[in-house]
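Chemist: To start, I am sharing the structure in question, which I have written as structure tokens.
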Amino acid sequence: MKPYRLVDLVDDRPAEGVFRVNRALFSDPELFDLEMKHVFESGWVFLGMASQAADLHDYFTTRIGRIPVIVARGKDGVLRCFVNSCPHKGARIATQPSGNARLFACPYHSWTFDSSGACKNVKWHNAGAYGQGFTEEDHDLAPIARFGEYRGFLFGSLSADVPSLDDHLGEARHMLDLVADQSDEGLELVPGRVRFTFAANWKMQLENCSDQYHFTSTHPSLIKVLERRAAGENGAAVKSSLAGADFWKGGDEGIVGGSYIFEHGHVVTWGRMEPNPSQALYSSHTALLEKFGADRTAWMFNMRNLSLFPNAQVAVNASTQLRVIRPIAHNLTEMETWCLVPKGESAEARRLRIRQYEDFFNPTGMAIADDNAVYEECQTGMTGQDGPWLQGHARGLAATRKGGNDLSDRLGMEPVSSVAGPSQLADETLFQGYYHAWLDRMSEVLA
Amino acid sequence: MNDLTLERARLTLADAQALITREARLLDEQDFAGWLDLYTEDALYWMPAWRDDNSQTEDPDRELSLIYYRGRSNLRDRVTRLTSGLSPVSRTLPRVAHILSNVELGGMDGDEHVVFSSFVTHAYDPRSDRLSYHFGRYRHGLRQVDGEWRIASKIIRLANDLVPTVLDVNAI
Ligand code: FES
Ligand SMILES: [Fe+2]
């Protein structure tokens, strides 16, 4: 890797109306290694949902960057997160994505650990003729430095030197509230974990979730199907919540969508959707209106693609999807995806949500594979290059306002900046939020 | 149903083998119109997801599937998209070979004759120069329509469910 300075990687000169990103952020394998250490393994990342370990001794496994971790609920009901590696010789303790275990037994020499990570037994300990050094050592599973929950969303950090979770999430919490408030009982994941890979950099996924500009270009094949269905050519089709919305169509005037940047790299792009029966949430519309009033309820029905830097996305559009981004190499990313739902919704609403999800969000459906393909074209196109600057972060710059706007005010939400406008505005400046957080985390290692 | 229809509707192993082999060939030849014709109007096309390492989702209304459609017109939607030339991942379709084996008659389920088989699909994607393979088990439910065997249901139990970029109806 060249001795990059941060200014070589992100050209951020707001006074001159310039924001540009270097191709090396996508194409350089050594820069990727630094990202793993300093973006993923030194700051807050999303881990999963509390509902994935709902009962005593439930657990699930995931990673923080490259580091395998276990999130488990102890016998005291408390969720904890520890490194999924045996103190003895490093073996992975939990080998399944989820389960229930009062005790974790290491597969190698049977050391055991309880669901709070405490070592309960070192096999043949008394006959082991251990020296004093071993006796004085802590044999428990190593807890991660920071762990926290916000309304069912779990986060962890391998570094203790991070802001509180509330600070980290900041005003983006309003966007999580809009999801969490949909049920008194909280959120859950529909059983069925879907994973896929694409041969491209993880930041392609981060950006694309916030990219309103691509929809009519990357997904015309889906739009063609939606048109077929609208014309009644498929009587068996699931209702589409996108078909009736205008925010992506590109023909309108006025404000139909926009974006907000929050502190610490979280961003949301949104589009207006009028509450209607093609949305699974519609069956709760009246109840939500009563409980939360017109403004908050209107927001709940809007399309909202939220990214929580660096690795989680909640996409509320054709259905509701939770995505966890797991970078594997500079040019390979694995996605873990779930249908995220309010607990206790009607059977009919659940069925609708699931059908819409499969149709649109699965890698075996009609949209996501096309996104994967264009990421790969970008990756291939940028191979081996660290110039010229990319031009993909410029739309919307002249429409960006500091702070919030009338619509964020209705939620009492104070973003760092906002853009609102017609669908053809298709703001790209919200990606700046990602790169500001990226620069912040990378400043530990690059000048 | 009178005795005559019952008599006519007996499915032999050879019939079953012929039909599912034909389905595989039509997919490999990208004859999607021919493929759709094999299905009944009300056909079920279902590929469950994995709930955890050991079990698959079972209730498509409460749990997620990789693909779940009732009605052939949904499969027609998929073919429309796949062959539209408007899908970046499908503009060049992968070259696919379905390999079928272990065909076994599974008796009746309602009015459907059940056929079990194992499959492997190999795909080469010229766009990315990528090779992929998928494997698992099929459970076809066959029914006679106008004297021809048709697929009234197909359940695909995909064993390797980590999807590399794309997996569409042409390659499973
Ligand atoms: S590595 Fe775990 S007990 Fe030896
Ligand atoms: Fe997309």
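Ligands are numbered from 1 in the order shown, chains are lettered A, B, ... in the order of the structure tokens, and residues start at 1 in each chain.
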Ligand 1: which residues are within 8 Å, counting only C-alpha atoms and all ligand atoms, as a PyMOL selection string?
Modeler: chain A and resi 85-93+105-112+122-123
Chemist: I want to know what sits within 9 Å of stretch 18-34 of chain A, based on only C-alpha atoms, with residues of the same chain fewer than 6 positions away left out; could you give that as JSON, numbers by chain?
Modeler: {"A": [1, 8, 9, 10, 11, 12, 200, 201, 202, 203, 204, 327, 329, 330, 331, 378, 379, 380, 382, 383, 384, 385, 386, 387, 388, 389, 390, 391, 392, 393, 394, 397, 429, 432, 435, 442, 445]}
Chemist: Please produce, as CSV, a per-residue contact table for chain B versus chain A (criterion: any atom at most 9 Å away, only C-alpha atoms considered), showing the nearest atom pair and its distance in Å to one decimal, sorted by chain then residue number.
Modeler:
residue,atom,partner,partner_atom,distance
B:Asp42,CA,A:Ala236,CA,8.8
B:Pro48,CA,A:Gly192,CA,8.3
B:Ala49,CA,A:Gly192,CA,5.4
B:Trp50,CA,A:Gly192,CA,5.4
B:Arg51,CA,A:Gly192,CA,4.4
B:Asp52,CA,A:Pro97,CA,6.8
B:Asp53,CA,A:Gln96,CA,6.7
B:Gln56,CA,A:Gly192,CA,7.6
B:Thr57,CA,A:Gly192,CA,6.2
B:Pro60,CA,A:Arg351,CA,7.9
B:Asp61,CA,A:Arg351,CA,4.8
B:Arg62,CA,A:Arg351,CA,6.6
B:Glu63,CA,A:Pro191,CA,5.1
B:Leu64,CA,A:Gly192,CA,5.0
B:Ser65,CA,A:Glu358,CA,6.8
B:Leu66,CA,A:Thr364,CA,6.1
B:Ile67,CA,A:Glu358,CA,6.0
B:Tyr68,CA,A:Glu358,CA,7.2
B:Tyr69,CA,A:Arg355,CA,8.3
B:Arg70,CA,A:Ala236,CA,6.9
B:Gly71,CA,A:Ala236,CA,5.7
B:Arg72,CA,A:Ala236,CA,8.1
B:Ser73,CA,A:Asn234,CA,5.4
B:Asn74,CA,A:Ala237,CA,6.2
B:Arg76,CA,A:Asn234,CA,8.4
B:Asp77,CA,A:Val225,CA,5.9
B:Arg78,CA,A:Met366,CA,7.4
B:Thr80,CA,A:Val225,CA,7.1
B:Arg81,CA,A:Ser221,CA,5.0
B:Leu82,CA,A:Ser221,CA,7.7
B:Thr83,CA,A:Ser221,CA,8.8
B:Ser84,CA,A:Ser221,CA,6.2
B:Gly85,CA,A:Ser221,CA,7.6
B:Leu86,CA,A:Ser221,CA,4.8
B:Ser87,CA,A:Ser221,CA,5.2
B:Pro88,CA,A:Asp370,CA,5.5
B:Val89,CA,A:Asp370,CA,5.0
B:Ser90,CA,A:Asp370,CA,7.9
B:Ser128,CA,A:Glu376,CA,8.3
B:Asp161,CA,A:Arg195,CA,7.2
B:Leu162,CA,A:Phe196,CA,5.1
B:Val163,CA,A:Phe196,CA,4.3
B:Pro164,CA,A:Thr197,CA,5.0
B:Thr165,CA,A:Phe198,CA,4.9
B:Val166,CA,A:Ala369,CA,5.1
B:Leu167,CA,A:Thr364,CA,5.1
B:Asp168,CA,A:Thr364,CA,5.5
B:Val169,CA,A:Thr364,CA,8.0
Chemist: From a DSSP calculation on the backbone, collect every residue of stretch 9-133 of chain B in alpha helix (DSSP H) and output the set as a PyMOL selection string.
Modeler: chain B and resi 13-28+32-37+72-82
Chemist: Measuring atom to atom with only C-alpha atoms and all ligand atoms, identify which of A:Leu206, A:Val78, A:Val162, A:Ala127 is nearest to ligand 2.
Modeler: A:Leu206
